[in-house]
$ cat query-v8.txt   # compact mmCIF, C-alpha atoms
# COMPACT_ATOMS: atom_id res chain seq x y z
CA MET A 1 0.00 0.00 0.00
CA ALA A 2 1.74 3.20 -1.13
CA GLY A 3 1.31 6.28 1.02
CA ALA A 4 -0.36 9.30 -0.56
CA SER A 5 1.90 12.30 -1.05
CA SER A 6 0.13 14.42 1.55
CA ASP A 7 0.30 11.60 4.07
CA LEU A 8 4.07 11.47 4.17
CA LYS A 9 6.48 14.32 4.77
CA LEU A 10 10.23 14.25 5.18
CA LEU A 11 11.85 17.14 7.01
CA GLY A 12 15.43 17.38 5.89
CA ALA A 13 18.23 18.97 3.94
CA GLY A 14 19.89 17.64 0.79
CA PRO A 15 23.50 17.55 2.01
CA SER A 16 22.75 15.60 5.18
CA PRO A 17 23.79 11.96 4.86
CA TYR A 18 21.27 11.09 7.59
CA VAL A 19 18.48 12.60 5.50
CA ASN A 20 19.86 10.82 2.42
CA ARG A 21 19.42 7.49 4.22
CA VAL A 22 15.69 8.08 4.50
CA GLN A 23 15.40 9.31 0.91
CA ILE A 24 17.13 6.17 -0.36
CA ALA A 25 14.85 3.92 1.71
CA LEU A 26 11.74 5.72 0.41
CA ASN A 27 13.05 5.39 -3.17
CA LEU A 28 13.73 1.67 -2.70
CA LYS A 29 10.09 1.20 -1.77
CA ALA A 30 8.89 3.58 -4.54
CA ILE A 31 7.00 5.70 -2.02
CA ASN A 32 5.77 9.20 -2.80
CA TYR A 33 6.42 11.85 -0.20
CA GLU A 34 6.74 15.57 0.25
CA PHE A 35 10.24 16.85 0.96
CA LEU A 36 10.29 19.87 3.26
CA GLU A 37 13.70 21.46 3.11
CA GLU A 38 15.02 22.90 6.36
CA LYS A 39 17.07 26.04 5.81
CA PHE A 40 20.63 25.84 7.03
CA GLY A 41 21.12 27.68 10.30
CA SER A 42 17.47 27.76 11.33
CA LYS A 43 14.88 25.28 12.60
CA SER A 44 11.30 25.42 11.42
CA GLU A 45 8.28 25.35 13.75
CA LEU A 46 7.35 21.98 12.31
CA LEU A 47 10.78 20.53 13.09
CA LEU A 48 10.72 21.82 16.67
CA LYS A 49 7.23 20.43 17.11
CA SER A 50 7.95 17.04 15.54
CA ASN A 51 11.31 16.41 17.16
CA PRO A 52 11.24 18.39 20.41
CA VAL A 53 13.79 16.12 22.07
CA HIS A 54 16.64 16.46 19.56
CA LYS A 55 15.41 19.23 17.20
CA LYS A 56 17.27 17.51 14.36
CA ILE A 57 16.64 16.28 10.84
CA PRO A 58 15.63 13.90 9.43
CA VAL A 59 12.08 13.59 10.70
CA LEU A 60 9.54 11.50 8.82
CA ILE A 61 5.96 12.57 9.44
CA HIS A 62 3.52 9.80 8.54
CA GLY A 63 -0.02 11.09 8.91
CA ASP A 64 0.30 12.87 12.23
CA LYS A 65 3.07 10.68 13.64
CA PRO A 66 6.68 11.88 13.68
CA ILE A 67 9.49 9.33 13.50
CA CYS A 68 13.04 10.48 14.32
CA GLU A 69 16.61 9.19 14.00
CA SER A 70 17.66 8.15 10.49
CA LEU A 71 18.18 4.41 10.98
CA ILE A 72 15.06 4.11 13.12
CA ILE A 73 13.15 5.77 10.26
CA VAL A 74 14.69 3.35 7.72
CA GLN A 75 13.52 0.37 9.77
CA TYR A 76 10.07 1.96 10.18
CA ILE A 77 9.78 2.35 6.40
CA ASP A 78 10.83 -1.27 5.94
CA GLU A 79 8.17 -2.48 8.38
CA VAL A 80 5.27 -0.36 7.11
CA TRP A 81 5.79 -0.81 3.37
CA THR A 82 6.16 -4.55 2.99
CA SER A 83 5.71 -4.90 -0.77
CA GLY A 84 8.94 -4.55 -2.67
CA PRO A 85 12.40 -5.65 -1.51
CA SER A 86 13.16 -5.88 2.22
CA ILE A 87 15.74 -3.50 3.57
CA LEU A 88 16.64 -5.48 6.69
CA PRO A 89 17.53 -9.15 6.17
CA SER A 90 15.18 -11.74 7.62
CA ASP A 91 17.75 -13.95 9.36
CA PRO A 92 18.37 -12.78 12.98
CA TYR A 93 22.14 -13.12 12.73
CA ASP A 94 22.31 -11.23 9.43
CA ARG A 95 20.15 -8.53 10.99
CA ALA A 96 22.58 -8.36 13.91
CA LEU A 97 25.51 -7.96 11.51
CA HIS A 98 23.81 -5.08 9.69
CA ARG A 99 22.94 -3.38 12.99
CA PHE A 100 26.38 -3.92 14.48
CA TRP A 101 28.19 -2.36 11.53
CA ALA A 102 25.68 0.46 11.18
CA ALA A 103 26.32 1.34 14.85
CA TYR A 104 30.07 1.09 14.20
CA ILE A 105 29.78 3.53 11.29
CA ASP A 106 27.74 6.00 13.31
CA ASP A 107 30.24 5.87 16.17
CA LYS A 108 33.34 5.99 14.00
CA ASP A 109 34.70 9.42 13.30
CA LEU A 110 35.06 9.52 9.51
CA ARG A 111 36.46 13.04 9.38
CA THR A 112 40.04 13.98 8.70
CA ALA A 113 41.81 16.73 10.58
CA GLU A 114 43.98 19.76 9.95
CA GLY A 115 47.72 19.55 10.08
CA GLU A 116 49.87 16.85 8.46
CA LYS A 117 50.37 14.66 11.53
CA ALA A 118 46.74 14.85 12.66
CA LYS A 119 45.60 14.21 9.10
CA GLN A 120 47.84 11.16 8.81
CA LEU A 121 46.46 9.73 12.05
CA ALA A 122 42.90 10.39 10.92
CA VAL A 123 43.53 8.67 7.59
CA GLU A 124 45.03 5.66 9.41
CA ARG A 125 41.98 5.50 11.65
CA ILE A 126 39.61 5.66 8.69
CA ALA A 127 41.68 3.04 6.81
CA GLU A 128 41.37 0.72 9.80
CA GLY A 129 37.59 1.11 9.63
CA MET A 130 37.59 0.53 5.88
CA ALA A 131 39.55 -2.72 6.28
CA LEU A 132 36.96 -3.99 8.77
CA LEU A 133 34.10 -2.96 6.51
CA GLU A 134 35.76 -4.69 3.53
CA ASP A 135 35.75 -7.84 5.62
CA ALA A 136 32.13 -7.22 6.67
CA LEU A 137 31.11 -6.80 3.03
CA GLY A 138 32.38 -10.32 2.35
CA LYS A 139 30.57 -11.77 5.37
CA CYS A 140 27.27 -9.93 4.82
CA GLY A 141 27.15 -9.85 1.04
CA LYS A 142 28.63 -13.33 0.59
CA GLY A 143 30.12 -12.43 -2.78
CA LYS A 144 27.17 -10.38 -3.99
CA PRO A 145 27.42 -6.67 -4.84
CA PHE A 146 25.81 -5.23 -1.69
CA PHE A 147 25.94 -5.75 2.07
CA GLY A 148 22.32 -6.75 1.56
CA GLY A 149 23.31 -9.32 -1.07
CA ASP A 150 21.60 -8.79 -4.42
CA ASN A 151 19.68 -5.79 -3.12
CA VAL A 152 20.58 -2.59 -1.33
CA GLY A 153 20.04 -3.27 2.37
CA TYR A 154 20.16 -1.56 5.75
CA LEU A 155 23.95 -1.51 6.03
CA ASP A 156 24.37 -0.36 2.43
CA ILE A 157 22.15 2.60 3.28
CA ALA A 158 23.89 3.28 6.61
CA PHE A 159 27.36 3.32 5.07
CA GLY A 160 26.56 4.39 1.51
CA SER A 161 24.88 7.59 2.66
CA SER A 162 28.31 8.87 3.73
CA LEU A 163 29.91 8.31 0.30
CA GLY A 164 29.35 11.91 -0.78
CA TRP A 165 31.17 13.36 2.21
CA LEU A 166 33.87 10.68 2.10
CA ARG A 167 34.64 11.60 -1.51
CA ALA A 168 34.55 15.30 -0.63
CA THR A 169 37.02 14.59 2.16
CA GLU A 170 39.31 12.83 -0.29
CA LYS A 171 39.35 15.97 -2.45
CA LEU A 172 39.62 18.49 0.37
CA ALA A 173 42.33 16.68 2.30
CA GLY A 174 44.12 15.24 -0.74
CA VAL A 175 43.90 11.68 0.60
CA THR A 176 42.66 8.36 -0.73
CA LEU A 177 40.12 6.62 1.45
CA PHE A 178 38.84 4.11 -1.10
CA ASN A 179 41.90 2.17 -2.05
CA GLU A 180 41.54 -0.24 -5.00
CA ALA A 181 44.46 -2.33 -3.78
CA LYS A 182 43.47 -2.54 -0.10
CA THR A 183 39.67 -2.57 -0.30
CA PRO A 184 38.68 -3.65 -3.81
CA GLY A 185 35.30 -4.92 -2.62
CA LEU A 186 34.39 -1.54 -1.16
CA VAL A 187 35.54 0.28 -4.30
CA ALA A 188 33.25 -1.88 -6.45
CA TRP A 189 30.48 -1.56 -3.86
CA ALA A 190 30.74 2.23 -3.80
CA ASP A 191 30.26 2.33 -7.57
CA ALA A 192 27.36 -0.11 -7.51
CA PHE A 193 25.67 1.80 -4.67
CA SER A 194 26.14 5.27 -6.18
CA SER A 195 24.74 4.18 -9.52
CA HIS A 196 21.74 2.34 -8.04
CA GLU A 197 18.38 3.71 -9.14
CA ALA A 198 17.28 4.48 -5.60
CA VAL A 199 20.47 6.38 -4.83
CA LYS A 200 21.03 8.37 -8.02
CA GLY A 201 20.24 12.03 -7.47
CA VAL A 202 20.00 11.70 -3.69
CA ILE A 203 23.58 12.13 -2.54
CA PRO A 204 24.82 15.55 -3.71
CA GLU A 205 27.68 15.75 -6.20
CA THR A 206 31.11 15.66 -4.61
CA ASP A 207 32.07 19.11 -5.95
CA LYS A 208 28.98 20.63 -4.41
CA LEU A 209 29.85 19.13 -1.02
CA VAL A 210 33.44 20.38 -1.37
CA GLU A 211 32.08 23.89 -1.92
CA LEU A 212 29.74 23.54 1.05
CA ALA A 213 32.60 22.36 3.27
CA LYS A 214 34.67 25.36 2.27
CA MET A 215 31.73 27.64 3.01
CA PHE A 216 31.18 26.08 6.48
CA LYS A 217 34.87 26.41 7.24
CA ALA A 218 34.99 30.05 6.17
CA ARG A 219 31.89 30.79 8.20
CA ALA A 220 33.31 29.06 11.28
CA GLN A 221 36.60 30.92 10.94
CA SER A 222 34.94 34.32 10.57
CA GLN A 223 32.75 33.60 13.58
CA SER A 224 35.68 32.64 15.77
CA ALA A 225 37.65 35.68 14.59
CA ASN A 226 34.94 38.09 15.79
CA MET B 1 17.20 -29.77 21.14
CA VAL B 2 18.78 -27.41 23.64
CA GLU B 3 20.70 -24.74 21.78
CA GLU B 4 23.73 -23.51 23.62
CA VAL B 5 23.60 -19.88 24.61
CA LYS B 6 26.62 -18.32 26.27
CA LEU B 7 26.98 -14.83 27.65
CA PHE B 8 30.36 -13.21 28.24
CA ARG B 9 29.99 -10.57 30.91
CA THR B 10 31.36 -8.97 34.05
CA TRP B 11 29.49 -8.98 37.36
CA SER B 12 28.80 -5.24 37.15
CA SER B 13 28.60 -4.12 33.52
CA PRO B 14 25.23 -2.41 33.07
CA TYR B 15 25.33 -3.25 29.36
CA ALA B 16 25.76 -6.94 30.12
CA LEU B 17 22.95 -6.84 32.68
CA ARG B 18 20.57 -5.84 29.90
CA ILE B 19 21.25 -9.20 28.28
CA VAL B 20 20.79 -11.10 31.55
CA TRP B 21 17.40 -9.43 32.02
CA ALA B 22 16.28 -10.13 28.45
CA LEU B 23 17.30 -13.79 28.65
CA LYS B 24 15.61 -14.20 32.06
CA LEU B 25 12.42 -12.44 30.92
CA LYS B 26 12.19 -14.84 27.97
CA GLY B 27 13.10 -17.85 30.12
CA ILE B 28 16.13 -18.72 28.00
CA GLU B 29 18.76 -20.94 29.55
CA TYR B 30 22.30 -19.79 29.14
CA GLU B 31 25.80 -20.20 30.49
CA THR B 32 27.65 -17.24 31.95
CA ILE B 33 31.33 -16.66 31.32
CA PHE B 34 32.72 -14.00 33.63
CA GLU B 35 35.44 -11.82 32.20
CA ASP B 36 38.15 -9.92 34.02
CA ILE B 37 38.44 -6.69 32.03
CA SER B 38 42.01 -6.15 33.14
CA ASN B 39 42.87 -9.56 31.71
CA LYS B 40 40.56 -10.33 28.81
CA SER B 41 40.26 -13.94 27.76
CA PRO B 42 41.42 -15.08 24.31
CA LEU B 43 37.84 -16.19 23.65
CA LEU B 44 36.45 -12.71 24.26
CA LEU B 45 39.05 -11.18 21.96
CA ARG B 46 38.20 -13.77 19.33
CA TYR B 47 34.43 -13.23 19.57
CA ASN B 48 34.54 -9.43 19.77
CA PRO B 49 37.69 -8.43 17.94
CA VAL B 50 36.36 -4.99 16.98
CA HIS B 51 35.48 -3.63 20.42
CA LYS B 52 36.97 -6.27 22.76
CA LYS B 53 34.16 -5.62 25.24
CA VAL B 54 31.38 -7.33 27.13
CA PRO B 55 28.65 -8.30 26.65
CA VAL B 56 29.06 -10.87 23.90
CA LEU B 57 26.39 -13.45 23.16
CA LEU B 58 27.32 -16.77 21.62
CA HIS B 59 24.54 -18.70 19.91
CA ARG B 60 24.66 -21.39 17.23
CA GLY B 61 28.40 -20.89 17.04
CA LYS B 62 28.08 -17.19 16.17
CA SER B 63 28.98 -14.21 18.31
CA ILE B 64 26.95 -11.03 18.62
CA SER B 65 28.30 -7.87 20.29
CA GLU B 66 26.92 -4.48 21.38
CA SER B 67 24.16 -4.73 23.97
CA LEU B 68 21.37 -3.08 21.94
CA VAL B 69 22.24 -5.25 18.91
CA ILE B 70 22.18 -8.34 21.14
CA LEU B 71 18.79 -7.36 22.56
CA GLU B 72 17.36 -7.12 19.03
CA TYR B 73 18.91 -10.49 18.15
CA ILE B 74 17.29 -12.08 21.19
CA GLU B 75 13.95 -10.52 20.26
CA ASP B 76 14.28 -11.74 16.66
CA THR B 77 15.27 -15.26 17.68
CA TRP B 78 13.02 -16.04 20.68
CA LYS B 79 9.42 -15.00 20.18
CA GLN B 80 8.07 -15.61 23.70
CA ALA B 81 7.62 -12.68 26.12
CA PRO B 82 8.07 -10.05 23.39
CA LEU B 83 10.16 -7.03 24.31
CA LEU B 84 8.97 -4.95 21.38
CA PRO B 85 5.40 -3.82 20.61
CA GLU B 86 3.49 -4.81 17.48
CA SER B 87 3.07 -1.60 15.53
CA PRO B 88 5.98 -0.17 13.53
CA TYR B 89 5.36 3.25 15.08
CA GLU B 90 5.54 1.93 18.63
CA ILE B 91 8.64 -0.10 17.69
CA ALA B 92 10.23 3.12 16.39
CA ARG B 93 9.44 4.83 19.68
CA ALA B 94 10.99 1.98 21.68
CA HIS B 95 14.14 2.25 19.56
CA PHE B 96 14.17 6.02 19.97
CA TRP B 97 14.13 5.84 23.76
CA ALA B 98 16.62 2.97 23.94
CA LYS B 99 19.03 5.09 21.91
CA PHE B 100 18.30 8.14 24.08
CA SER B 101 19.44 6.24 27.16
CA ASP B 102 22.87 5.65 25.70
CA SER B 103 23.39 8.75 23.60
CA LYS B 104 22.00 11.37 26.01
CA LEU B 105 21.34 10.18 29.55
CA MET B 106 24.43 8.07 30.14
CA PRO B 107 26.98 10.71 29.05
CA ALA B 108 25.17 13.40 31.07
CA ILE B 109 25.12 11.30 34.24
CA TRP B 110 28.74 10.21 33.79
CA HIS B 111 29.73 13.82 33.36
CA VAL B 112 28.25 14.67 36.76
CA PHE B 113 29.67 11.58 38.35
CA LEU B 114 33.23 11.86 37.05
CA THR B 115 33.76 15.53 37.87
CA GLN B 116 33.95 17.70 40.95
CA GLY B 117 33.84 21.34 41.99
CA LYS B 118 32.88 23.84 39.33
CA GLN B 119 32.94 21.31 36.49
CA GLN B 120 30.44 19.16 38.36
CA GLU B 121 28.25 22.16 39.23
CA GLU B 122 28.02 22.97 35.54
CA ALA B 123 27.27 19.36 34.60
CA ILE B 124 24.23 19.13 36.86
CA PRO B 125 21.62 21.34 35.08
CA PRO B 126 21.99 19.58 31.68
CA ALA B 127 21.65 16.19 33.41
CA ILE B 128 18.47 17.34 35.17
CA GLU B 129 17.07 18.65 31.87
CA ILE B 130 17.52 15.20 30.39
CA LEU B 131 15.88 13.54 33.40
CA LYS B 132 12.94 15.93 32.89
CA ILE B 133 12.56 14.75 29.30
CA ILE B 134 12.36 11.17 30.57
CA GLU B 135 9.91 12.17 33.30
CA GLU B 136 7.67 13.70 30.62
CA GLU B 137 7.82 10.56 28.49
CA LEU B 138 6.88 8.33 31.44
CA LYS B 139 3.81 10.37 32.49
CA GLY B 140 0.78 8.12 32.67
CA LYS B 141 2.80 5.01 31.87
CA LYS B 142 3.94 2.18 34.09
CA TYR B 143 6.84 1.35 31.80
CA PHE B 144 8.33 2.94 28.67
CA GLY B 145 6.52 0.20 26.79
CA GLY B 146 3.19 0.95 28.47
CA GLN B 147 1.78 -1.77 30.69
CA THR B 148 4.56 -4.30 30.15
CA ILE B 149 8.32 -4.05 30.41
CA GLY B 150 10.06 -3.77 27.05
CA LEU B 151 13.24 -2.94 25.17
CA ALA B 152 13.37 0.72 26.20
CA ASP B 153 12.90 -0.22 29.87
CA ILE B 154 15.76 -2.69 29.64
CA ALA B 155 17.92 -0.05 27.96
CA PHE B 156 17.20 2.42 30.79
CA GLY B 157 17.45 -0.27 33.46
CA TRP B 158 20.94 0.77 34.55
CA MET B 159 19.39 4.01 35.79
CA ALA B 160 17.02 2.20 38.17
CA ASN B 161 19.85 1.22 40.44
CA LEU B 162 23.04 2.98 39.45
CA LEU B 163 21.51 6.41 39.89
CA TYR B 164 21.16 5.73 43.64
CA VAL B 165 24.67 4.25 43.80
CA LEU B 166 26.13 7.33 42.11
CA GLU B 167 24.08 9.66 44.31
CA GLU B 168 25.35 7.86 47.39
CA ILE B 169 28.97 8.19 46.28
CA THR B 170 28.82 11.86 45.28
CA GLY B 171 26.37 12.95 47.97
CA LEU B 172 24.37 14.61 45.18
CA LYS B 173 20.68 14.13 44.65
CA LEU B 174 19.71 14.63 41.01
CA MET B 175 16.10 13.54 41.38
CA ASN B 176 13.48 13.05 44.08
CA THR B 177 9.95 11.66 44.19
CA GLN B 178 8.41 15.12 44.37
CA ASN B 179 10.00 16.58 41.26
CA PHE B 180 10.17 13.30 39.35
CA PRO B 181 7.09 11.29 40.36
CA SER B 182 6.80 9.27 37.14
CA LEU B 183 10.50 8.48 36.97
CA SER B 184 10.55 7.48 40.65
CA ALA B 185 7.54 5.22 40.10
CA TRP B 186 9.21 3.68 37.04
CA ILE B 187 12.33 2.91 39.09
CA ASN B 188 10.17 1.08 41.64
CA ASN B 189 8.11 -0.75 39.01
CA PHE B 190 11.16 -1.80 37.06
CA SER B 191 13.13 -2.90 40.10
CA ASP B 192 10.19 -5.00 41.31
CA VAL B 193 10.05 -7.19 38.21
CA PRO B 194 11.36 -10.58 39.44
CA ALA B 195 13.83 -11.06 36.55
CA ILE B 196 15.33 -7.69 37.44
CA LYS B 197 15.18 -7.98 41.20
CA GLU B 198 16.85 -11.38 41.25
CA ASN B 199 19.72 -10.29 39.04
CA TRP B 200 20.99 -7.07 40.51
CA PRO B 201 24.63 -6.98 41.63
CA PRO B 202 25.12 -6.40 45.37
CA HIS B 203 24.71 -2.73 46.31
CA GLU B 204 27.80 -2.39 48.49
CA LYS B 205 29.99 -4.03 45.88
CA LEU B 206 28.69 -1.56 43.26
CA VAL B 207 29.36 1.38 45.57
CA THR B 208 32.95 0.23 46.13
CA LYS B 209 33.56 -0.32 42.44
CA PHE B 210 32.15 2.99 41.22
CA GLN B 211 33.80 4.89 44.04
CA ALA B 212 37.12 3.56 42.76
CA ILE B 213 36.23 4.56 39.17
CA ARG B 214 35.38 8.09 40.28
CA GLU B 215 38.60 8.45 42.23
CA LYS B 216 40.65 7.19 39.31
CA TYR B 217 39.01 9.70 36.91
CA LEU B 218 39.38 12.60 39.31
CA ALA B 219 43.05 11.77 39.86
CA ALA B 220 43.66 11.55 36.10
CA GLY B 221 41.82 14.85 35.54
CA ALA B 222 43.91 16.60 38.18
CA THR B 223 47.14 15.87 36.33
CA LYS B 224 45.93 17.52 33.08

$ encode --input "query-v8.txt" --output "structure tokens"
Amino acid sequence: MAGASSDLKLLGAGPSPYVNRVQIALNLKAINYEFLEEKFGSKSELLLKSNPVHKKIPVLIHGDKPICESLIIVQYIDEVWTSGPSILPSDPYDRALHRFWAAYIDDKDLRTAEGEKAKQLAVERIAEGMALLEDALGKCGKGKPFFGGDNVGYLDIAFGSSLGWLRATEKLAGVTLFNEAKTPGLVAWADAFSSHEAVKGVIPETDKLVELAKMFKARAQSQSAN
Amino acid sequence: MVEEVKLFRTWSSPYALRIVWALKLKGIEYETIFEDISNKSPLLLRYNPVHKKVPVLLHRGKSISESLVILEYIEDTWKQAPLLPESPYEIARAHFWAKFSDSKLMPAIWHVFLTQGKQQEEAIPPAIEILKIIEEELKGKKYFGGQTIGLADIAFGWMANLLYVLEEITGLKLMNTQNFPSLSAWINNFSDVPAIKENWPPHEKLVTKFQAIREKYLAAGATK
């Protein structure tokens, strides 16, 4: 049963990987919804009302019910719209693997830092995470293109949503995070994920994110200089 | 066929206690393997190579780590005494509050507990604000899940006992029955559930342990 456009609203902003997760899930299920863009630097009345605890995007409003926290929303979508491919696997252990690695990704700091030494340490830390995820891709995907196997699944969405910013980081910091030699599976996966129908057009272009990052940095610097 | 379930834990880890409660509530038999965190067993390191922490659940030869992930696995595997509600919306709410416990309440309480003087004074109002949010959520409810204990209750369970332990150690009272009637009632209701009551670590032992943790943190902070 597809939701009517007016029945489903997503409060978000294009560059947010957390918002992108929800958009990808909605696309996978071919669900129509209204996207309400939050302006950067301000929070709308509707956002404050729907997510009073955290005041953060994304928020999915289904009828009159708000659902918050990106991965919680993804699971909600999976459970409500049961026609079409499942996002979470059905086997309890596979589900646990997807959840474990999604939590790992959310906890892992995927940002680089300023200064050569700090940057090097950050890149090493990210590389360590990538090596583990390469291994996880083998265990979860079992030789298929996605963590979800043949289809884009929960962990694909959790990790894949950060591809835009990871690529922007590569450009900004002049580092390579997706290494063909060290993590060939992830390199192939990143391509397959980015070109998937449900993902195309959701994650902003890398150059746009690079520009945004520069803008945030300039803004932060001018604020701290005052 | 009895399927072997093993739980790696310590006697005091609040994360591991969540798993004990869930297994007891569902009546699942399991074997406990106690770990000494200062000397982790090769098995623990093998079954949780990423985080090297307790709890770890072993079932059907596979290991599952991270307490909230383990709770979901238990719920997915054993259908009796469900810990999650039926409707996707209510499930989302349970997940929301379980996450809130770990992402918001725990850090705020630790911040009060592991500081002193001015730093501690400043840590108190944000912690109380978070307790107020929980108080609001519990209004009119016996448990987070409504009439029956569920995943969110288990996630918050550490609060039902440790809050008093930490208050005793610091001499600080963050909440009382007057200002937090729903939260106080929840603590009583939760603590009274037999599976919970019968599996709480001894109070004095907890006080000693957390007193030592606080002293260690304060000493480390003083050298910065």

$ residues_around --input "query-v8.txt" --residues "Leu17 of chain B" --least-positions-apart "2" --cutoff "12 Å" --atoms "only C-alpha atoms" --output "PDB file with C-alpha atoms, in the coordinates of the input"
ATOM      1  CA  LEU B   7      26.980 -14.830  27.650  1.00  0.00           C
ATOM      2  CA  PHE B   8      30.360 -13.210  28.240  1.00  0.00           C
ATOM      3  CA  ARG B   9      29.990 -10.570  30.910  1.00  0.00           C
ATOM      4  CA  THR B  10      31.360  -8.970  34.050  1.00  0.00           C
ATOM      5  CA  TRP B  11      29.490  -8.980  37.360  1.00  0.00           C
ATOM      6  CA  SER B  12      28.800  -5.240  37.150  1.00  0.00           C
ATOM      7  CA  SER B  13      28.600  -4.120  33.520  1.00  0.00           C
ATOM      8  CA  PRO B  14      25.230  -2.410  33.070  1.00  0.00           C
ATOM      9  CA  TYR B  15      25.330  -3.250  29.360  1.00  0.00           C
ATOM     10  CA  ILE B  19      21.250  -9.200  28.280  1.00  0.00           C
ATOM     11  CA  VAL B  20      20.790 -11.100  31.550  1.00  0.00           C
ATOM     12  CA  TRP B  21      17.400  -9.430  32.020  1.00  0.00           C
ATOM     13  CA  ALA B  22      16.280 -10.130  28.450  1.00  0.00           C
ATOM     14  CA  LEU B  23      17.300 -13.790  28.650  1.00  0.00           C
ATOM     15  CA  LYS B  24      15.610 -14.200  32.060  1.00  0.00           C
ATOM     16  CA  THR B  32      27.650 -17.240  31.950  1.00  0.00           C
ATOM     17  CA  VAL B  54      31.380  -7.330  27.130  1.00  0.00           C
ATOM     18  CA  PRO B  55      28.650  -8.300  26.650  1.00  0.00           C
ATOM     19  CA  VAL B  56      29.060 -10.870  23.900  1.00  0.00           C
ATOM     20  CA  SER B  67      24.160  -4.730  23.970  1.00  0.00           C
ATOM     21  CA  LEU B  68      21.370  -3.080  21.940  1.00  0.00           C
ATOM     22  CA  ILE B  70      22.180  -8.340  21.140  1.00  0.00           C
ATOM     23  CA  LEU B  71      18.790  -7.360  22.560  1.00  0.00           C
ATOM     24  CA  ILE B 154      15.760  -2.690  29.640  1.00  0.00           C
ATOM     25  CA  ALA B 155      17.920  -0.050  27.960  1.00  0.00           C
ATOM     26  CA  PHE B 156      17.200   2.420  30.790  1.00  0.00           C
ATOM     27  CA  GLY B 157      17.450  -0.270  33.460  1.00  0.00           C
ATOM     28  CA  TRP B 158      20.940   0.770  34.550  1.00  0.00           C
ATOM     29  CA  MET B 159      19.390   4.010  35.790  1.00  0.00           C
ATOM     30  CA  ASN B 161      19.850   1.220  40.440  1.00  0.00           C
ATOM     31  CA  LEU B 162      23.040   2.980  39.450  1.00  0.00           C
ATOM     32  CA  ALA B 195      13.830 -11.060  36.550  1.00  0.00           C
ATOM     33  CA  ILE B 196      15.330  -7.690  37.440  1.00  0.00           C
ATOM     34  CA  LYS B 197      15.180  -7.980  41.200  1.00  0.00           C
ATOM     35  CA  GLU B 198      16.850 -11.380  41.250  1.00  0.00           C
ATOM     36  CA  ASN B 199      19.720 -10.290  39.040  1.00  0.00           C
ATOM     37  CA  TRP B 200      20.990  -7.070  40.510  1.00  0.00           C
ATOM     38  CA  PRO B 201      24.630  -6.980  41.630  1.00  0.00           C
TER      39      PRO B 201
END

$ residues_around --input "query-v8.txt" --residues "Tyr18 of chain A" --least-positions-apart "6" --cutoff "12 Å" --atoms "all atoms listed in the file" --output "ChimeraX atom specification"
/A:10-12,24-25,56-60,68-74,105-106,157-165,202-203

$ closest_residue --input "query-v8.txt" --among "B:Gly150, B:Pro49, B:Pro202, B:Pro126" --to "Pro85 of chain B" --atoms "all atoms listed in the file"
B:Gly150

$ atom_distance --input "query-v8.txt" --atom1 "atom CA of Ala94 of chain B" --atom2 "atom CA of Pro66 of chain A"
13.4 Å

$ interface_residues --input "query-v8.txt" --of "chain B" --to "chain A" --cutoff "7 Å" --atoms "all atoms listed in the file" --output "list of chain:residue names"
B:Ile64, B:Glu66, B:Val69, B:Tyr73, B:Asp76, B:Thr77, B:Pro88, B:Tyr89, B:Ala92, B:His95

$ residues_around --input "query-v8.txt" --residues "Thr176 of chain A" --least-positions-apart "3" --cutoff "12 Å" --atoms "only C-alpha atoms" --output "list in words"
Thr112, Lys119, Gln120, Ala122, Val123, Glu124, Ile126, Ala127, Met130, Leu166, Arg167, Ala168, Thr169, Glu170, Lys171, Leu172, Ala173, Asn179, Glu180, Ala181, Lys182, Thr183 and Val187 of chain A

$ residues_near_point --input "query-v8.txt" --point "(2.5, 2.2, 39.4)" --cutoff "7 Å" --atoms "only C-alpha atoms" --output "JSON, numbers by chain"
{"B": [142, 185, 189]}

$ atom_distance --input "query-v8.txt" --atom1 "atom CA of Ser224 of chain A" --atom2 "atom CA of Gly221 of chain B"
27.3 Å
